[in-house]
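Heads up, final.cif below (mmCIF, C-alpha atoms and all ligand atoms):
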data_model
loop_
_atom_site.label_atom_id
_atom_site.label_comp_id
_atom_site.auth_asym_id
_atom_site.auth_seq_id
_atom_site.Cartn_x
_atom_site.Cartn_y
_atom_site.Cartn_z
CA MET A 1 0.00 0.00 0.00
CA LEU A 2 2.76 2.44 0.93
CA ASN A 3 4.96 1.31 -1.95
CA GLN A 4 2.20 2.20 -4.36
CA LEU A 5 1.89 5.58 -2.71
CA ARG A 6 5.60 6.30 -3.03
CA ASN A 7 5.31 5.94 -6.79
CA LYS A 8 2.62 8.58 -7.11
CA GLU A 9 3.56 12.01 -8.37
CA HIS A 10 0.54 13.65 -6.71
CA ARG A 11 -0.67 12.56 -3.29
CA LEU A 12 -4.01 13.58 -1.81
CA VAL A 13 -3.76 13.73 1.96
CA VAL A 14 -6.27 14.72 4.65
CA GLY A 15 -4.56 16.55 7.51
CA LEU A 16 -6.36 16.82 10.85
CA MET A 17 -5.55 19.37 13.51
CA SER A 18 -7.17 19.73 16.91
CA GLY A 19 -5.28 22.36 18.81
CA THR A 20 -4.96 23.63 22.35
CA SER A 21 -7.84 26.08 21.90
CA LEU A 22 -10.12 23.03 22.15
CA ASP A 23 -12.34 24.82 19.62
CA GLY A 24 -12.72 21.73 17.50
CA ILE A 25 -11.21 19.76 14.64
CA ASP A 26 -9.80 21.29 11.45
CA ALA A 27 -9.49 19.15 8.33
CA ALA A 28 -7.54 20.09 5.20
CA VAL A 29 -7.47 18.09 1.99
CA VAL A 30 -4.10 18.83 0.47
CA GLN A 31 -2.52 17.83 -2.81
CA LEU A 32 1.20 17.28 -2.53
CA GLU A 33 4.02 16.83 -5.00
CA GLY A 34 7.80 16.94 -4.79
CA SER A 35 9.65 16.01 -1.63
CA GLY A 36 11.43 17.39 1.41
CA ILE A 37 11.85 21.16 1.46
CA HIS A 38 10.89 21.17 -2.22
CA THR A 39 7.42 19.82 -1.49
CA HIS A 40 4.66 21.73 -3.21
CA ALA A 41 1.37 21.87 -1.29
CA LYS A 42 -1.98 22.94 -2.68
CA LEU A 43 -5.07 23.24 -0.50
CA VAL A 44 -7.98 21.43 -2.15
CA HIS A 45 -10.61 21.75 0.56
CA PHE A 46 -10.94 22.86 4.17
CA GLU A 47 -13.54 22.26 6.87
CA SER A 48 -13.76 23.12 10.56
CA PHE A 49 -15.88 21.15 13.02
CA ALA A 50 -16.58 22.84 16.36
CA TYR A 51 -16.59 20.87 19.60
CA ASP A 52 -19.78 21.50 21.57
CA ASN A 53 -19.41 23.12 25.00
CA GLU A 54 -19.95 19.83 26.80
CA LEU A 55 -17.10 18.09 24.98
CA ARG A 56 -14.84 21.14 25.35
CA GLU A 57 -15.39 21.24 29.11
CA LYS A 58 -14.78 17.46 29.29
CA LEU A 59 -11.46 17.94 27.48
CA LYS A 60 -10.51 20.81 29.79
CA LEU A 61 -10.99 18.39 32.69
CA LEU A 62 -8.64 15.92 30.97
CA CYS A 63 -6.06 18.70 30.76
CA SER A 64 -6.30 19.35 34.47
CA PRO A 65 -4.39 17.06 36.89
CA ASP A 66 -6.93 17.54 39.70
CA HIS A 67 -9.86 16.38 37.61
CA SER A 68 -8.47 13.90 35.11
CA SER A 69 -8.40 10.15 35.58
CA THR A 70 -6.92 7.17 33.75
CA PRO A 71 -10.37 5.77 32.77
CA HIS A 72 -11.33 9.17 31.34
CA VAL A 73 -8.16 9.32 29.24
CA CYS A 74 -8.76 5.75 28.04
CA ALA A 75 -12.34 6.50 26.98
CA MET A 76 -11.62 9.84 25.33
CA ASN A 77 -8.73 8.34 23.34
CA PHE A 78 -11.32 6.15 21.59
CA ASP A 79 -14.10 8.71 21.49
CA LEU A 80 -11.86 11.27 19.77
CA GLY A 81 -10.55 8.61 17.35
CA ARG A 82 -14.13 8.00 16.25
CA ARG A 83 -14.81 11.75 15.96
CA PHE A 84 -11.66 12.26 13.90
CA ALA A 85 -12.76 9.46 11.56
CA GLU A 86 -16.20 11.05 11.13
CA VAL A 87 -14.54 14.37 10.35
CA VAL A 88 -12.42 12.72 7.63
CA LEU A 89 -15.44 11.05 6.02
CA ASP A 90 -17.51 14.23 6.18
CA THR A 91 -14.71 16.47 4.83
CA VAL A 92 -13.95 14.17 1.91
CA SER A 93 -17.60 14.02 0.96
CA LYS A 94 -17.99 17.81 1.25
CA ALA A 95 -14.93 18.16 -1.01
CA GLY A 96 -16.84 16.15 -3.63
CA LEU A 97 -14.33 13.32 -3.37
CA SER A 98 -14.57 9.67 -2.40
CA MET A 99 -12.39 7.92 0.17
CA ASN A 100 -10.74 6.02 -2.69
CA ASP A 101 -9.27 9.30 -3.89
CA ILE A 102 -7.52 9.80 -0.55
CA ASP A 103 -4.04 8.36 -0.25
CA LEU A 104 -3.40 9.06 3.39
CA VAL A 105 -4.81 10.59 6.55
CA SER A 106 -2.66 12.49 9.04
CA SER A 107 -3.77 13.23 12.58
CA HIS A 108 -2.15 15.47 15.14
CA GLY A 109 -4.40 14.22 17.96
CA GLN A 110 -5.62 16.20 20.93
CA THR A 111 -2.85 17.19 23.29
CA ILE A 112 -3.90 16.58 26.86
CA TRP A 113 -0.50 16.98 28.51
CA HIS A 114 2.97 18.14 27.53
CA ILE A 115 6.06 18.20 29.74
CA PRO A 116 8.75 19.92 27.62
CA SER A 117 11.63 19.29 30.03
CA ASN A 118 12.40 17.28 33.16
CA GLU A 119 11.21 18.87 36.39
CA ALA A 120 13.61 18.29 39.26
CA ASN A 121 11.41 17.90 42.34
CA ASP A 122 8.49 16.08 40.76
CA PRO A 123 8.71 12.26 40.47
CA PHE A 124 6.45 12.46 37.39
CA GLY A 125 8.21 15.49 35.95
CA ILE A 126 9.53 13.46 33.03
CA ARG A 127 9.94 14.94 29.53
CA SER A 128 6.95 13.63 27.62
CA THR A 129 3.87 14.50 25.63
CA LEU A 130 0.47 12.88 25.07
CA GLN A 131 -1.85 13.35 22.11
CA ILE A 132 -4.99 11.21 22.13
CA GLY A 133 -7.51 10.15 19.47
CA ASP A 134 -6.41 6.65 18.55
CA ILE A 135 -5.10 6.30 14.99
CA SER A 136 -6.11 2.62 14.64
CA VAL A 137 -9.69 3.69 15.24
CA ILE A 138 -9.35 6.34 12.52
CA ALA A 139 -7.75 3.88 10.08
CA LYS A 140 -10.35 1.14 10.61
CA LEU A 141 -13.31 3.54 10.35
CA THR A 142 -12.06 5.45 7.30
CA GLY A 143 -10.45 2.56 5.44
CA ARG A 144 -7.32 4.63 4.77
CA PRO A 145 -3.79 4.44 6.22
CA VAL A 146 -3.31 6.95 9.01
CA VAL A 147 -0.08 8.54 10.21
CA GLY A 148 -0.19 10.23 13.60
CA ASP A 149 1.49 10.75 16.96
CA TYR A 150 4.35 12.90 15.68
CA ARG A 151 5.59 14.77 18.71
CA THR A 152 6.91 11.75 20.63
CA ALA A 153 9.54 11.04 17.95
CA ASP A 154 11.06 14.50 18.19
CA MET A 155 11.10 14.23 21.98
CA ALA A 156 12.81 10.86 21.81
CA VAL A 157 15.77 12.52 20.07
CA GLY A 158 16.03 15.29 22.64
CA GLY A 159 13.57 17.84 21.24
CA GLN A 160 10.62 19.48 22.96
CA GLY A 161 8.22 17.91 20.45
CA ALA A 162 7.05 21.41 19.53
CA PRO A 163 6.63 23.68 17.74
CA LEU A 164 6.39 21.44 14.67
CA THR A 165 4.83 23.71 12.05
CA PRO A 166 7.94 25.92 11.57
CA TYR A 167 9.28 23.17 9.30
CA VAL A 168 6.29 23.63 6.99
CA ASP A 169 6.41 27.42 7.42
CA TYR A 170 9.92 27.19 5.99
CA ILE A 171 8.63 25.19 3.00
CA LEU A 172 5.70 27.54 2.34
CA PHE A 173 6.87 31.04 3.25
CA ARG A 174 10.65 31.38 2.93
CA ASP A 175 11.77 34.19 0.66
CA GLU A 176 15.09 35.12 -0.90
CA ASN A 177 14.75 38.84 -0.22
CA LYS A 178 12.38 39.31 2.67
CA GLY A 179 12.84 38.32 6.29
CA ARG A 180 9.54 36.94 7.57
CA ILE A 181 8.09 35.85 10.87
CA VAL A 182 5.25 33.38 10.51
CA GLN A 183 3.04 33.67 13.59
CA ASN A 184 0.29 31.20 14.37
CA ILE A 185 -2.25 32.29 16.95
CA GLY A 186 -4.12 29.22 18.15
CA GLY A 187 -4.72 28.43 21.81
CA ILE A 188 -1.01 29.02 22.17
CA GLY A 189 0.96 31.36 19.91
CA ASN A 190 4.01 30.14 18.06
CA CYS A 191 6.36 31.84 15.67
CA ALA A 192 8.97 30.88 13.10
CA SER A 193 11.41 33.49 11.90
CA LEU A 194 12.64 32.89 8.35
CA PRO A 195 15.53 35.24 7.57
CA ALA A 196 15.85 36.33 3.93
CA GLY A 197 17.54 33.55 1.94
CA GLY A 198 18.05 31.62 5.18
CA LYS A 199 18.75 27.91 5.61
CA PRO A 200 16.54 25.64 7.76
CA GLU A 201 19.18 25.79 10.52
CA GLU A 202 18.75 29.56 10.74
CA VAL A 203 15.07 29.44 11.61
CA ILE A 204 14.31 30.80 15.07
CA ALA A 205 11.08 29.30 16.37
CA PHE A 206 9.32 29.03 19.69
CA ASP A 207 5.97 29.24 21.42
CA THR A 208 5.37 32.90 22.20
CA GLY A 209 2.92 32.10 25.05
CA PRO A 210 -0.87 32.26 25.17
CA GLY A 211 -2.66 32.94 21.89
CA ASN A 212 -6.45 32.83 22.26
CA MET A 213 -6.48 30.64 25.34
CA ILE A 214 -6.83 33.33 27.99
CA ILE A 215 -9.15 35.44 25.82
CA ASP A 216 -11.45 32.45 25.22
CA GLN A 217 -11.61 31.52 28.89
CA ALA A 218 -12.47 35.13 29.82
CA VAL A 219 -15.21 35.28 27.18
CA PHE A 220 -16.69 31.99 28.36
CA HIS A 221 -16.74 33.16 31.97
CA LEU A 222 -17.83 36.77 31.42
CA SER A 223 -20.63 35.75 29.05
CA GLY A 224 -21.98 33.24 31.57
CA GLY A 225 -21.02 30.32 29.33
CA THR A 226 -22.96 31.59 26.32
CA ARG A 227 -19.95 32.42 24.14
CA SER A 228 -16.61 30.69 23.67
CA TYR A 229 -14.55 33.35 21.83
CA ASP A 230 -14.51 37.10 21.14
CA LYS A 231 -15.83 37.23 17.60
CA ASN A 232 -13.56 39.50 15.50
CA GLY A 233 -12.30 41.00 18.77
CA GLU A 234 -15.45 43.14 19.03
CA TRP A 235 -15.76 42.92 22.80
CA ALA A 236 -12.11 43.83 23.41
CA ALA A 237 -12.45 46.74 20.97
CA LYS A 238 -14.97 48.39 23.32
CA GLY A 239 -12.58 48.40 26.27
CA THR A 240 -9.43 50.15 27.45
CA VAL A 241 -6.22 48.28 28.24
CA GLN A 242 -5.42 48.41 31.97
CA GLU A 243 -1.68 49.04 31.82
CA SER A 244 -0.79 48.08 35.37
CA LEU A 245 -2.62 44.75 35.16
CA LEU A 246 -1.03 44.11 31.77
CA LEU A 247 2.48 44.79 33.07
CA GLU A 248 1.90 42.44 35.98
CA MET A 249 0.73 39.68 33.63
CA LEU A 250 3.81 40.16 31.45
CA GLN A 251 6.02 39.34 34.47
CA HIS A 252 5.34 35.63 33.90
CA PRO A 253 8.75 33.89 33.90
CA TYR A 254 7.98 32.04 30.65
CA PHE A 255 8.48 35.22 28.63
CA SER A 256 12.12 35.66 29.63
CA ILE A 257 13.17 32.08 28.86
CA PRO A 258 15.26 32.10 25.66
CA PRO A 259 14.23 29.76 22.81
CA VAL A 260 14.00 26.80 22.27
CA LYS A 261 10.81 26.83 24.38
CA THR A 262 7.27 25.48 24.28
CA THR A 263 4.21 25.79 26.43
CA GLY A 264 0.54 24.86 26.68
CA ARG A 265 -2.43 24.44 28.97
CA GLU A 266 -0.11 23.26 31.74
CA LEU A 267 1.10 26.86 32.25
CA PHE A 268 -1.62 28.99 30.66
CA GLY A 269 -4.77 26.88 31.00
CA LYS A 270 -8.09 27.44 32.71
CA GLN A 271 -6.63 27.78 36.19
CA TYR A 272 -4.16 30.47 35.13
CA ALA A 273 -6.82 32.44 33.24
CA MET A 274 -9.29 32.21 36.11
CA GLU A 275 -6.71 33.53 38.59
CA TRP A 276 -6.18 36.72 36.56
CA LEU A 277 -9.87 37.00 35.82
CA HIS A 278 -10.71 36.94 39.53
CA ARG A 279 -7.96 39.46 40.24
CA ALA A 280 -9.44 41.78 37.62
CA LEU A 281 -13.03 41.30 38.79
CA ASP A 282 -12.02 41.89 42.42
CA ALA A 283 -10.45 45.17 41.27
CA ASN A 284 -13.82 46.10 39.69
CA ILE A 285 -12.37 46.23 36.18
CA ARG A 286 -15.17 46.28 33.60
CA SER A 287 -15.65 43.23 31.36
CA GLU A 288 -14.71 45.09 28.17
CA ASP A 289 -11.54 46.39 29.83
CA ILE A 290 -10.63 42.86 30.91
CA MET A 291 -11.13 41.71 27.33
CA ALA A 292 -8.95 44.56 26.01
CA THR A 293 -6.23 43.82 28.57
CA PHE A 294 -6.18 40.07 27.95
CA THR A 295 -6.05 40.68 24.21
CA ALA A 296 -3.18 43.14 24.70
CA PHE A 297 -1.45 40.51 26.82
CA THR A 298 -1.28 38.19 23.81
CA ALA A 299 -0.20 41.00 21.46
CA ARG A 300 2.48 42.34 23.80
CA SER A 301 3.89 38.92 24.66
CA ILE A 302 4.26 38.21 20.93
CA ALA A 303 5.83 41.55 19.95
CA ASP A 304 8.10 41.66 23.03
CA SER A 305 9.44 38.18 22.29
CA TYR A 306 10.33 39.20 18.72
CA LYS A 307 12.28 42.18 20.03
CA GLN A 308 13.97 40.10 22.70
CA PHE A 309 14.86 36.98 20.72
CA ILE A 310 14.63 37.63 16.96
CA MET A 311 14.95 41.21 15.82
CA ASN A 312 18.34 41.70 17.47
CA LYS A 313 19.65 38.92 15.18
CA GLN A 314 17.58 38.96 12.01
CA HIS A 315 16.12 41.67 9.82
CA ILE A 316 12.37 41.17 9.52
CA HIS A 317 10.15 42.80 6.88
CA GLU A 318 6.86 40.97 7.32
CA ILE A 319 4.80 39.23 9.97
CA ILE A 320 2.44 36.64 8.48
CA VAL A 321 -0.31 35.65 10.89
CA SER A 322 -2.36 32.44 10.73
CA GLY A 323 -4.63 30.51 13.10
CA GLY A 324 -7.96 31.57 14.56
CA GLY A 325 -6.41 34.63 16.22
CA ALA A 326 -5.90 36.20 12.77
CA HIS A 327 -9.68 36.82 12.78
CA ASN A 328 -9.43 38.87 15.96
CA ARG A 329 -9.21 42.38 14.50
CA THR A 330 -8.41 44.01 17.83
CA LEU A 331 -5.50 41.66 18.33
CA MET A 332 -4.27 42.25 14.76
CA HIS A 333 -4.46 46.04 15.19
CA MET A 334 -2.57 45.84 18.46
CA LEU A 335 0.15 43.74 16.80
CA ALA A 336 0.45 46.20 13.91
CA ASP A 337 0.76 49.11 16.37
CA LEU A 338 3.47 47.32 18.33
CA LEU A 339 5.45 46.48 15.17
CA PRO A 340 5.45 49.70 13.12
CA ASP A 341 8.55 48.76 11.10
CA GLN A 342 7.03 45.53 9.78
CA THR A 343 4.01 44.79 7.63
CA VAL A 344 1.53 42.63 9.54
CA LEU A 345 -0.46 40.41 7.15
CA THR A 346 -2.57 37.29 7.32
CA SER A 347 -1.49 34.13 5.54
CA ASP A 348 -4.70 34.38 3.46
CA GLU A 349 -2.86 37.02 1.49
CA TYR A 350 -0.40 34.29 0.47
CA GLY A 351 -3.06 31.93 -0.78
CA ILE A 352 -2.92 29.73 2.33
CA ARG A 353 -6.11 30.21 4.28
CA GLY A 354 -4.90 31.00 7.80
CA ASP A 355 -7.32 28.61 9.47
CA SER A 356 -6.08 25.74 7.37
CA LYS A 357 -2.34 26.13 7.75
CA GLU A 358 -1.78 23.83 10.71
CA ALA A 359 -4.03 21.05 9.36
CA ALA A 360 -2.28 21.36 5.98
CA ALA A 361 1.10 21.15 7.75
CA PHE A 362 0.16 17.76 9.14
CA ALA A 363 -0.64 16.54 5.63
CA VAL A 364 2.95 17.44 4.73
CA PHE A 365 4.32 15.59 7.77
CA ALA A 366 2.48 12.37 6.82
CA ASP A 367 3.70 12.62 3.23
CA HIS A 368 7.29 12.95 4.46
CA TYR A 369 6.78 9.93 6.72
CA VAL A 370 5.69 7.76 3.80
CA PHE A 371 8.71 8.81 1.76
CA GLY A 372 11.07 8.28 4.70
CA VAL A 373 12.08 11.95 4.78
CA PRO A 374 12.81 13.65 8.15
CA ASN A 375 10.03 16.06 9.08
CA ASN A 376 11.18 17.71 12.28
CA LEU A 377 13.18 20.94 12.42
CA PRO A 378 15.87 20.70 15.11
CA ALA A 379 16.30 24.51 15.11
CA ALA A 380 12.69 24.80 16.28
CA THR A 381 12.35 21.89 18.68
CA GLY A 382 15.89 21.53 20.02
CA ALA A 383 16.14 17.92 18.79
CA ARG A 384 19.66 16.53 18.47
CA HIS A 385 19.13 15.74 14.78
CA PRO A 386 16.52 15.56 12.03
CA THR A 387 14.29 12.52 12.36
CA ILE A 388 11.18 10.97 10.84
CA MET A 389 8.23 11.67 13.10
CA GLY A 390 5.01 9.66 13.05
CA LYS A 391 3.44 6.23 13.48
CA LEU A 392 1.37 4.29 11.00
CA ALA A 393 -1.96 2.51 11.39
CA LEU A 394 -3.20 0.50 8.41
CA PRO A 395 -6.91 0.09 7.58
N1 LIG B 401 -13.83 35.32 13.99
C1 LIG B 401 -13.01 35.19 15.06
N2 LIG B 401 -12.78 36.23 15.87
C2 LIG B 401 -11.98 36.13 16.95
N3 LIG B 401 -11.34 35.00 17.30
C3 LIG B 401 -11.53 33.92 16.53
C4 LIG B 401 -12.35 33.94 15.36
N4 LIG B 401 -12.32 32.71 14.80
C5 LIG B 401 -11.51 31.96 15.59
N5 LIG B 401 -11.03 32.67 16.62
C6 LIG B 401 -10.15 32.24 17.71
O1 LIG B 401 -9.33 31.21 17.25
C7 LIG B 401 -9.41 30.08 18.12
C8 LIG B 401 -9.17 28.82 17.33
O2 LIG B 401 -7.92 28.94 16.71
P1 LIG B 401 -7.15 27.69 16.13
O3 LIG B 401 -6.18 28.21 15.15
O4 LIG B 401 -8.13 26.66 15.70
O5 LIG B 401 -6.40 27.20 17.44
P2 LIG B 401 -5.94 25.74 17.88
O6 LIG B 401 -4.98 25.28 16.85
O7 LIG B 401 -5.32 25.94 19.22
O8 LIG B 401 -7.20 24.94 17.92
C9 LIG B 401 -10.78 30.17 18.73
O9 LIG B 401 -10.82 29.51 19.97
C10 LIG B 401 -10.97 31.68 18.86
O10 LIG B 401 -10.38 32.14 20.03
MG MG B 402 -8.52 24.73 16.46
#
Could I get this structure in the form of structure tokens?
Amino acid sequence: MLNQLRNKEHRLVVGLMSGTSLDGIDAAVVQLEGSGIHTHAKLVHFESFAYDNELREKLKLLCSPDHSSTPHVCAMNFDLGRRFAEVVLDTVSKAGLSMNDIDLVSSHGQTIWHIPSNEANDPFGIRSTLQIGDISVIAKLTGRPVVGDYRTADMAVGGQGAPLTPYVDYILFRDENKGRIVQNIGGIGNCASLPAGGKPEEVIAFDTGPGNMIIDQAVFHLSGGTRSYDKNGEWAAKGTVQESLLLEMLQHPYFSIPPVKTTGRELFGKQYAMEWLHRALDANIRSEDIMATFTAFTARSIADSYKQFIMNKQHIHEIIVSGGGAHNRTLMHMLADLLPDQTVLTSDEYGIRGDSKEAAAFAVFADHYVFGVPNNLPAATGARHPTIMGKLALP
């Protein structure tokens, strides 16, 4: 089955992404040709499937050590596998294709825990990562081979298992004459700096900190559970940034750690957001001002980290933003104001719909896996060497 695939000039791959926002599952049907850093990717179709509030809250519990349990993890691993399979079938049919047209499925899985480095005084503080949504379930229910579980491979060779997409950012966005930072704003923000004419080893990449995670949690709480995100940043736009609260939030030690670095719900999850939210509410700060301040927190943490870790080394002309946060106009305006010497754009302007970029990246990873081509970027993850990430489940 894989041999046949390796002989095909064009491969049609479904990439699945379910990120730390816990907003749902993104599916991209991507046509691929070429190989390695000369891969050419064309988006054929894209769909997003939202998790309902009940499932999202269940997943938040899984991401919280006080509320999670082994039986819950076991059950959700299967439940998500089934949901991922349904998403594949639905997406392929909406694309007007049949499953026989699809060569391969690639699944990121749902991260429920990520320990980027060993933690000295904790007996379970062992470098590791866990993405669930079993790939055998996906393979058996879709009838297609599935590659998944990428991050563990990078970690096994000394990397942090994240961020992974900078490798694909390099393939898609590098330019001979312009220095670019590709910024994804999902639950967590991550960036990849691609200096003009740079080699893969010159990429500077890291997680910038929270993306939409804190904003989403605040919206959910302040709206009494009726909304899960600040549509187009409209709520934040009505408020005023509370500078002293913002400066306090920016004191978080994560922001001064030099790259390579990664983070997630472990540091910036529900508990963290609720602590700041209660602080703000106790200080009688109005809801719209909280929204403005939390949005500024994301913008400032991103722009500050560029100044601290990138712009003193590389000349940057453009910031290309993808992920759900690119739809938050308040956040985008704040970023543009903080970075007056660069042009802040969305990846849509490069023909790659911003929402689809991460799902499309996973299609590229699976394609590399099948061809036996390394798909991690040691400059981004800190791995000792390039390696082939992924595991295969056959139908
Ligand atoms: N129209 C919009 N306005 C503001 N924020 C949005 C909009 N659409 C999506 N988002 C934000 O993007 C998030 C989803 O981003 P996504 O890139 O899917 O992140 P992840 O990869 O972590 O799942 C949502 O939770 C929401 O906060
Ligand atoms: Mg998402």
Open item on the list: Under the rule that all atoms listed in the file are counted, which of A:Arg384, A:Lys313, A:Arg56, A:Lys261 is the nearest residue to ligand MG 402 (chain B)?
Closed with: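 Using all atoms listed in the file, ligand MG 402 (chain B) sits closest to A:Arg56.
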Open item on the list: Which residues are near ligand MG 402 (chain B) in this structure, taking near to mean any atom at most 12 Å from a ligand atom and counting all atoms listed in the file? Format them as a PyMOL selection string.
Closed with: chain A and resi 16-27+47-51+56+108-111+184-188+211-213+229+322-325+354-359
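A straight line drawn from atom CA of A:Ile135 to atom CA of A:Gln31 is 21.4 Å long.
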Open item on the list: Let me make sure I understand: among A:Leu246, A:Ala162, A:Val344, A:Met291, which one has the smallest atom-to-atom distance to A:Thr263 if we use only C-alpha atoms?
Closed with: A:Ala162
Open item on the list: Just checking: using only C-alpha atoms, which residue out of A:Ser301, A:Gln242, A:His10, A:Ala326 ends up closest to A:Leu338?
Closed with: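 Of A:Ser301, A:Gln242, A:His10, A:Ala326, the one nearest A:Leu338, counting only C-alpha atoms, is A:Ser301.
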Open item on the list: Is it possible to get the residues within 10 Å of (2.4, 42.8, 8.2) (coordinates as in the file, counting all atoms listed in the file) written as number ranges by chain?
Closed with: A: 180-181, 317-321, 332, 335-336, 339-347
Open item on the list: Using only C-alpha atoms and all ligand atoms, can you tell me which of A:Asp216, A:Asp149, A:Asp79, A:Asp289 comes closest to ligand LIG 401 (chain B)?
Closed with: A:Asp216
Open item on the list: Residues within 9 Å of (-13.3, 10.4, 7.8), file coordinates, counting all atoms listed in the file: what are they? Give the list as JSON, numbers by chain.
Closed with: {"A": [14, 82, 83, 84, 85, 86, 87, 88, 89, 90, 91, 92, 93, 99, 105, 138, 139, 141, 142, 143, 144]}
TODO: Might you pull out every residue within 8 Å of A:Ala280, with all atoms listed in the file counted and same-chain residues fewer than 4 positions away left off, and present them as a count of residues only?
DONE: 5
